[in-house]
Amino acid sequence: MNPASLRITEIFYSLQGETSRLGLPTVFVRLTGCPLRCGYCDSAYAFHGGKTMGFDEILADVARHGARTVCVTGGEPLAQKHSLAFLTALCDAGYDVSLETSGALPIADVDPRVSRILDIKTPGSGELAKMHWDNLAALTPKDEVKFVLCDRADYEWARDLVRQRKVNDLAPVLFSPVWETLPPADLAAWVLEDHLPVRMQVQLHKILWGEKPGV
């Protein structure tokens, strides 16, 4: 019996809509709370509320869906003090685990079996100043770096950062357009024009089901 607990907004089963795991049936564990307020945030409903659940209860809920892949997301999962132990518990249970994190908190102590999907906040997010830049040194090839881009200015900023800091040598890089703000075809054209070594992605779950909780 594990007495540790987390504040949980939702646990649901869906297709992974982003990253190299795109399309995989996945159980999502969305933790409550986030120290950031990005202008384009699509999960603001996770800022407050939620339900306190023990590890055993969460693991039982995850197991009932029968999926091997689990994504821990938020909010900002690392803002909760028991999140690191929970990630380890998922790995110990045999799951393929990914963590979606804002880049504002250190990732170095995350269990090395976890694939860390690290956001790098752009100027357009409004939260660039909160980036924890030491996270870049902690990256491994099994992690991924994600830039969510609002406009051409964000793209150019991210392009220059990738080139100057050779981010693609640290981990695979993802460029994602803000939903219904930056036309995906525009971003695709820019990536091709600049021959960038990045993966351009769109959010599959929003294409399939729209922008709503639990999908």
# chains A, B, ... in the order shown; residues from 1 in each chain; ligands from 1
$ residues_around --residues "stretch 9-18 of chain A" --least-positions-apart "5" --cutoff "6 Å" --atoms "only C-alpha atoms" --output "ChimeraX atom specification"
/A:23-32,46,50,203-205,214-215
$ write_last_selection --atoms "N, CA and C atoms" --output "PDB file, in the first residue's frame"
ATOM      1  N   GLY A  23      -0.709   8.753 -32.366  1.00  0.00           N
ATOM      2  CA  GLY A  23      -1.622   7.699 -32.784  1.00  0.00           C
ATOM      3  C   GLY A  23      -1.675   6.489 -31.886  1.00  0.00           C
ATOM      4  N   LEU A  24      -0.776   6.393 -30.900  1.00  0.00           N
ATOM      5  CA  LEU A  24      -0.773   5.219 -30.026  1.00  0.00           C
ATOM      6  C   LEU A  24      -1.893   5.306 -28.985  1.00  0.00           C
ATOM      7  N   PRO A  25      -2.648   4.222 -28.785  1.00  0.00           N
ATOM      8  CA  PRO A  25      -3.594   4.198 -27.672  1.00  0.00           C
ATOM      9  C   PRO A  25      -2.849   4.425 -26.359  1.00  0.00           C
ATOM     10  N   THR A  26      -3.320   5.396 -25.579  1.00  0.00           N
ATOM     11  CA  THR A  26      -2.573   5.876 -24.420  1.00  0.00           C
ATOM     12  C   THR A  26      -3.530   6.224 -23.287  1.00  0.00           C
ATOM     13  N   VAL A  27      -3.101   5.944 -22.064  1.00  0.00           N
ATOM     14  CA  VAL A  27      -3.821   6.444 -20.899  1.00  0.00           C
ATOM     15  C   VAL A  27      -3.156   7.743 -20.464  1.00  0.00           C
ATOM     16  N   PHE A  28      -3.948   8.787 -20.340  1.00  0.00           N
ATOM     17  CA  PHE A  28      -3.464  10.098 -19.922  1.00  0.00           C
ATOM     18  C   PHE A  28      -3.827  10.334 -18.460  1.00  0.00           C
ATOM     19  N   VAL A  29      -2.828  10.726 -17.681  1.00  0.00           N
ATOM     20  CA  VAL A  29      -3.043  11.091 -16.286  1.00  0.00           C
ATOM     21  C   VAL A  29      -2.737  12.583 -16.186  1.00  0.00           C
ATOM     22  N   ARG A  30      -3.786  13.388 -16.040  1.00  0.00           N
ATOM     23  CA  ARG A  30      -3.619  14.841 -16.015  1.00  0.00           C
ATOM     24  C   ARG A  30      -3.624  15.337 -14.566  1.00  0.00           C
ATOM     25  N   LEU A  31      -2.478  15.847 -14.133  1.00  0.00           N
ATOM     26  CA  LEU A  31      -2.344  16.375 -12.790  1.00  0.00           C
ATOM     27  C   LEU A  31      -2.837  17.821 -12.732  1.00  0.00           C
ATOM     28  N   THR A  32      -3.295  18.208 -11.565  1.00  0.00           N
ATOM     29  CA  THR A  32      -3.873  19.535 -11.360  1.00  0.00           C
ATOM     30  C   THR A  32      -2.792  20.533 -10.949  1.00  0.00           C
ATOM     31  N   ALA A  46      -7.328  22.584 -15.814  1.00  0.00           N
ATOM     32  CA  ALA A  46      -6.509  21.817 -14.872  1.00  0.00           C
ATOM     33  C   ALA A  46      -5.765  22.707 -13.883  1.00  0.00           C
ATOM     34  N   GLY A  50      -9.712  19.430  -9.192  1.00  0.00           N
ATOM     35  CA  GLY A  50      -9.160  18.089  -9.183  1.00  0.00           C
ATOM     36  C   GLY A  50      -9.592  17.281  -7.975  1.00  0.00           C
ATOM     37  N   GLN A 203      -1.970  18.578 -33.913  1.00  0.00           N
ATOM     38  CA  GLN A 203      -2.571  17.847 -32.803  1.00  0.00           C
ATOM     39  C   GLN A 203      -3.697  16.941 -33.310  1.00  0.00           C
ATOM     40  N   LEU A 204      -3.374  15.666 -33.455  1.00  0.00           N
ATOM     41  CA  LEU A 204      -4.307  14.695 -34.028  1.00  0.00           C
ATOM     42  C   LEU A 204      -5.630  14.647 -33.265  1.00  0.00           C
ATOM     43  N   HIS A 205      -5.561  14.692 -31.941  1.00  0.00           N
ATOM     44  CA  HIS A 205      -6.780  14.568 -31.148  1.00  0.00           C
ATOM     45  C   HIS A 205      -7.750  15.722 -31.408  1.00  0.00           C
ATOM     46  N   GLY A 214     -10.590  15.562 -21.931  1.00  0.00           N
ATOM     47  CA  GLY A 214     -10.794  14.116 -21.940  1.00  0.00           C
ATOM     48  C   GLY A 214     -10.677  13.428 -23.261  1.00  0.00           C
ATOM     49  N   VAL A 215      -9.966  14.024 -24.228  1.00  0.00           N
ATOM     50  CA  VAL A 215      -9.741  13.358 -25.521  1.00  0.00           C
ATOM     51  C   VAL A 215      -8.283  13.510 -25.926  1.00  0.00           C
TER      52      VAL A 215
END
$ residues_around --residues "A:Thr140" --least-positions-apart "6" --cutoff "12 Å" --atoms "only C-alpha atoms" --output "mmCIF file with all heavy atoms, in the first residue's frame"
data_model
loop_
_atom_site.group_PDB
_atom_site.id
_atom_site.type_symbol
_atom_site.label_atom_id
_atom_site.label_comp_id
_atom_site.auth_asym_id
_atom_site.auth_seq_id
_atom_site.Cartn_x
_atom_site.Cartn_y
_atom_site.Cartn_z
ATOM 1 N N ILE A 107 14.109 18.886 -14.706
ATOM 2 C CA ILE A 107 13.744 17.526 -15.117
ATOM 3 C C ILE A 107 14.819 16.500 -14.788
ATOM 4 O O ILE A 107 14.631 15.309 -15.015
ATOM 5 C CB ILE A 107 13.442 17.463 -16.631
ATOM 6 C CG1 ILE A 107 14.707 17.788 -17.450
ATOM 7 C CG2 ILE A 107 12.294 18.392 -16.996
ATOM 8 C CD1 ILE A 107 14.560 17.497 -18.941
ATOM 9 N N ALA A 108 15.941 16.936 -14.253
ATOM 10 C CA ALA A 108 17.091 16.043 -14.087
ATOM 11 C C ALA A 108 16.801 14.851 -13.188
ATOM 12 O O ALA A 108 17.399 13.778 -13.373
ATOM 13 C CB ALA A 108 18.285 16.835 -13.539
ATOM 14 N N VAL A 110 13.942 13.198 -12.894
ATOM 15 C CA VAL A 110 12.901 12.305 -13.405
ATOM 16 C C VAL A 110 13.518 10.942 -13.701
ATOM 17 O O VAL A 110 14.643 10.850 -14.229
ATOM 18 C CB VAL A 110 12.256 12.897 -14.673
ATOM 19 C CG1 VAL A 110 11.298 11.893 -15.319
ATOM 20 C CG2 VAL A 110 11.532 14.197 -14.345
ATOM 21 N N PRO A 112 14.989 7.879 -15.288
ATOM 22 C CA PRO A 112 15.554 7.823 -16.644
ATOM 23 C C PRO A 112 14.790 6.934 -17.607
ATOM 24 O O PRO A 112 15.013 7.012 -18.821
ATOM 25 C CB PRO A 112 16.974 7.300 -16.414
ATOM 26 C CG PRO A 112 16.938 6.618 -15.087
ATOM 27 C CD PRO A 112 15.938 7.369 -14.271
ATOM 28 N N ARG A 113 13.888 6.120 -17.104
ATOM 29 C CA ARG A 113 13.061 5.288 -17.992
ATOM 30 C C ARG A 113 11.941 6.086 -18.646
ATOM 31 O O ARG A 113 11.318 5.624 -19.616
ATOM 32 C CB ARG A 113 12.477 4.118 -17.212
ATOM 33 C CG ARG A 113 13.510 3.123 -16.720
ATOM 34 C CD ARG A 113 12.908 2.108 -15.778
ATOM 35 N NE ARG A 113 12.523 2.714 -14.499
ATOM 36 C CZ ARG A 113 11.959 2.032 -13.495
ATOM 37 N NH1 ARG A 113 11.696 0.735 -13.636
ATOM 38 N NH2 ARG A 113 11.650 2.652 -12.358
ATOM 39 N N VAL A 114 11.672 7.281 -18.141
ATOM 40 C CA VAL A 114 10.601 8.134 -18.654
ATOM 41 C C VAL A 114 11.106 8.955 -19.836
ATOM 42 O O VAL A 114 12.215 9.499 -19.800
ATOM 43 C CB VAL A 114 10.105 9.082 -17.547
ATOM 44 C CG1 VAL A 114 9.081 10.078 -18.093
ATOM 45 C CG2 VAL A 114 9.509 8.286 -16.386
ATOM 46 N N SER A 115 10.299 9.059 -20.880
ATOM 47 C CA SER A 115 10.591 9.971 -21.989
ATOM 48 C C SER A 115 10.015 11.344 -21.635
ATOM 49 O O SER A 115 8.804 11.493 -21.480
ATOM 50 C CB SER A 115 9.975 9.460 -23.286
ATOM 51 O OG SER A 115 10.583 8.254 -23.677
ATOM 52 N N ARG A 116 10.886 12.321 -21.523
ATOM 53 C CA ARG A 116 10.479 13.655 -21.095
ATOM 54 C C ARG A 116 10.214 14.522 -22.329
ATOM 55 O O ARG A 116 11.119 14.734 -23.141
ATOM 56 C CB ARG A 116 11.567 14.264 -20.215
ATOM 57 C CG ARG A 116 11.837 13.428 -18.962
ATOM 58 C CD ARG A 116 13.112 13.806 -18.258
ATOM 59 N NE ARG A 116 14.289 13.582 -19.097
ATOM 60 C CZ ARG A 116 15.543 13.739 -18.673
ATOM 61 N NH1 ARG A 116 15.772 14.108 -17.420
ATOM 62 N NH2 ARG A 116 16.559 13.522 -19.485
ATOM 63 N N ILE A 117 8.988 14.994 -22.453
ATOM 64 C CA ILE A 117 8.606 15.883 -23.551
ATOM 65 C C ILE A 117 8.692 17.295 -22.998
ATOM 66 O O ILE A 117 7.810 17.771 -22.277
ATOM 67 C CB ILE A 117 7.191 15.572 -24.076
ATOM 68 C CG1 ILE A 117 7.001 14.057 -24.265
ATOM 69 C CG2 ILE A 117 6.933 16.342 -25.356
ATOM 70 C CD1 ILE A 117 8.000 13.398 -25.205
ATOM 71 N N LEU A 118 9.781 17.965 -23.342
ATOM 72 C CA LEU A 118 10.112 19.246 -22.738
ATOM 73 C C LEU A 118 9.670 20.399 -23.626
ATOM 74 O O LEU A 118 10.153 20.550 -24.745
ATOM 75 C CB LEU A 118 11.629 19.318 -22.508
ATOM 76 C CG LEU A 118 12.168 20.627 -21.931
ATOM 77 C CD1 LEU A 118 11.792 20.748 -20.462
ATOM 78 C CD2 LEU A 118 13.681 20.709 -22.118
ATOM 79 N N VAL A 167 19.934 22.143 -30.703
ATOM 80 C CA VAL A 167 18.990 21.409 -29.869
ATOM 81 C C VAL A 167 18.698 20.028 -30.447
ATOM 82 O O VAL A 167 18.533 19.049 -29.709
ATOM 83 C CB VAL A 167 17.683 22.213 -29.691
ATOM 84 C CG1 VAL A 167 16.691 21.445 -28.827
ATOM 85 C CG2 VAL A 167 17.975 23.575 -29.062
ATOM 86 N N ASN A 168 18.672 19.915 -31.768
ATOM 87 C CA ASN A 168 18.364 18.627 -32.393
ATOM 88 C C ASN A 168 19.462 17.594 -32.150
ATOM 89 O O ASN A 168 19.246 16.393 -32.357
ATOM 90 C CB ASN A 168 18.124 18.800 -33.889
ATOM 91 C CG ASN A 168 19.284 19.460 -34.595
ATOM 92 O OD1 ASN A 168 19.568 20.642 -34.337
ATOM 93 N ND2 ASN A 168 19.968 18.729 -35.469
ATOM 94 N N ASP A 169 20.646 18.015 -31.711
ATOM 95 C CA ASP A 169 21.687 17.064 -31.323
ATOM 96 C C ASP A 169 21.461 16.516 -29.918
ATOM 97 O O ASP A 169 22.054 15.499 -29.542
ATOM 98 C CB ASP A 169 23.073 17.726 -31.378
ATOM 99 C CG ASP A 169 23.538 18.003 -32.798
ATOM 100 O OD1 ASP A 169 22.979 17.401 -33.738
ATOM 101 O OD2 ASP A 169 24.457 18.830 -32.960
ATOM 102 N N LEU A 170 20.631 17.184 -29.150
ATOM 103 C CA LEU A 170 20.337 16.761 -27.782
ATOM 104 C C LEU A 170 19.172 15.785 -27.727
ATOM 105 O O LEU A 170 19.200 14.808 -26.972
ATOM 106 C CB LEU A 170 20.015 17.985 -26.915
ATOM 107 C CG LEU A 170 21.061 19.101 -26.889
ATOM 108 C CD1 LEU A 170 20.534 20.298 -26.092
ATOM 109 C CD2 LEU A 170 22.362 18.598 -26.293
ATOM 110 N N ALA A 171 18.140 16.050 -28.525
ATOM 111 C CA ALA A 171 16.921 15.240 -28.549
ATOM 112 C C ALA A 171 16.121 15.632 -29.786
ATOM 113 O O ALA A 171 16.320 16.719 -30.334
ATOM 114 C CB ALA A 171 16.088 15.479 -27.289
ATOM 115 N N PRO A 172 15.211 14.770 -30.249
ATOM 116 C CA PRO A 172 14.349 15.143 -31.371
ATOM 117 C C PRO A 172 13.549 16.406 -31.059
ATOM 118 O O PRO A 172 13.095 16.602 -29.926
ATOM 119 C CB PRO A 172 13.429 13.931 -31.530
ATOM 120 C CG PRO A 172 14.203 12.790 -30.954
ATOM 121 C CD PRO A 172 14.979 13.378 -29.812
ATOM 122 N N VAL A 173 13.367 17.245 -32.078
ATOM 123 C CA VAL A 173 12.694 18.533 -31.907
ATOM 124 C C VAL A 173 11.362 18.532 -32.644
ATOM 125 O O VAL A 173 11.275 18.104 -33.806
ATOM 126 C CB VAL A 173 13.574 19.688 -32.420
ATOM 127 C CG1 VAL A 173 12.838 21.027 -32.303
ATOM 128 C CG2 VAL A 173 14.893 19.734 -31.649
#
$ closest_residue --among "A:Thr122, A:Gln201, A:Ser43, A:Ser83" --to "A:Asp160" --atoms "only C-alpha atoms"
A:Thr122
$ residues_around --residues "A:Leu105" --least-positions-apart "4" --cutoff "10 Å" --atoms "only C-alpha atoms" --output "list in words"
Pro35, Glu76, Pro77, Leu78, Ala79, Thr101, Lys130, Met131, His132, Trp133, Asp134 and Asn135 of chain A
$ closest_residue --among "A:Gly39, A:Gly66, A:Pro183, A:Pro197" --to "A:Leu128" --atoms "only C-alpha atoms"
A:Gly39
$ atom_distance --atom1 "atom CA of A:Cys38" --atom2 "atom CA of A:Pro141"
26.7 Å
$ select_by_dssp --residues "stretch 32-169 of chain A" --states "strand (DSSP E or B)" --output "ChimeraX atom specification"
/A:51-54,69-73,96-101,115-119,144-149
$ residues_around --residues "A:Leu36" --least-positions-apart "6" --cutoff "10 Å" --atoms "only C-alpha atoms" --output "PyMOL selection string"
chain A and resi 47+75-76+102+104+125-128+130
$ write_last_selection --atoms "C-alpha atoms" --output "mmCIF file, in the first residue's frame"
data_model
loop_
_atom_site.group_PDB
_atom_site.id
_atom_site.type_symbol
_atom_site.label_atom_id
_atom_site.label_comp_id
_atom_site.auth_asym_id
_atom_site.auth_seq_id
_atom_site.Cartn_x
_atom_site.Cartn_y
_atom_site.Cartn_z
ATOM 1 C CA PHE A 47 -5.251 24.903 -13.023
ATOM 2 C CA GLY A 75 -1.062 21.469 -15.778
ATOM 3 C CA GLU A 76 2.547 20.995 -14.800
ATOM 4 C CA SER A 102 6.450 23.011 -19.350
ATOM 5 C CA ALA A 104 9.849 25.773 -16.070
ATOM 6 C CA SER A 125 3.602 32.161 -25.021
ATOM 7 C CA GLY A 126 4.103 35.023 -22.579
ATOM 8 C CA GLU A 127 6.128 32.735 -20.298
ATOM 9 C CA LEU A 128 9.623 32.728 -21.799
ATOM 10 C CA LYS A 130 10.156 31.174 -16.594
#
$ atom_distance --atom1 "atom CA of A:Phe86" --atom2 "atom CA of A:Ala67"
17.3 Å
$ select_by_dssp --residues "stretch 84-200 of chain A" --states "helix (DSSP H, G or I)" --output "VMD selection string"
chain A and resid 84 to 92 123 to 125 128 to 130 135 to 138 152 to 165 167 to 169 184 to 194
$ atom_distance --atom1 "atom CA of A:Pro123" --atom2 "atom CA of A:Phe175"
14.5 Å
$ closest_residue --among "A:Ile58, A:Leu99, A:Met200, A:Leu84" --to "A:Cys71" --atoms "only C-alpha atoms"
A:Leu99
$ closest_residue --among "A:Pro213, A:Ser176, A:Leu59, A:Pro184" --to "A:Thr88" --atoms "only C-alpha atoms"
A:Leu59
$ closest_residue --among "A:Ala63, A:Glu193, A:Ile120, A:Leu139" --to "A:Trp157" --atoms "only C-alpha atoms"
A:Ile120
$ closest_residue --among "A:Arg163, A:Lys121, A:His48, A:Lys206" --to "A:Gly33" --atoms "only C-alpha atoms"
A:His48
$ residues_around --residues "stretch 94-96 of chain A" --least-positions-apart "6" --cutoff "8 Å" --atoms "only C-alpha atoms" --output "ChimeraX atom specification"
/A:68-70,114
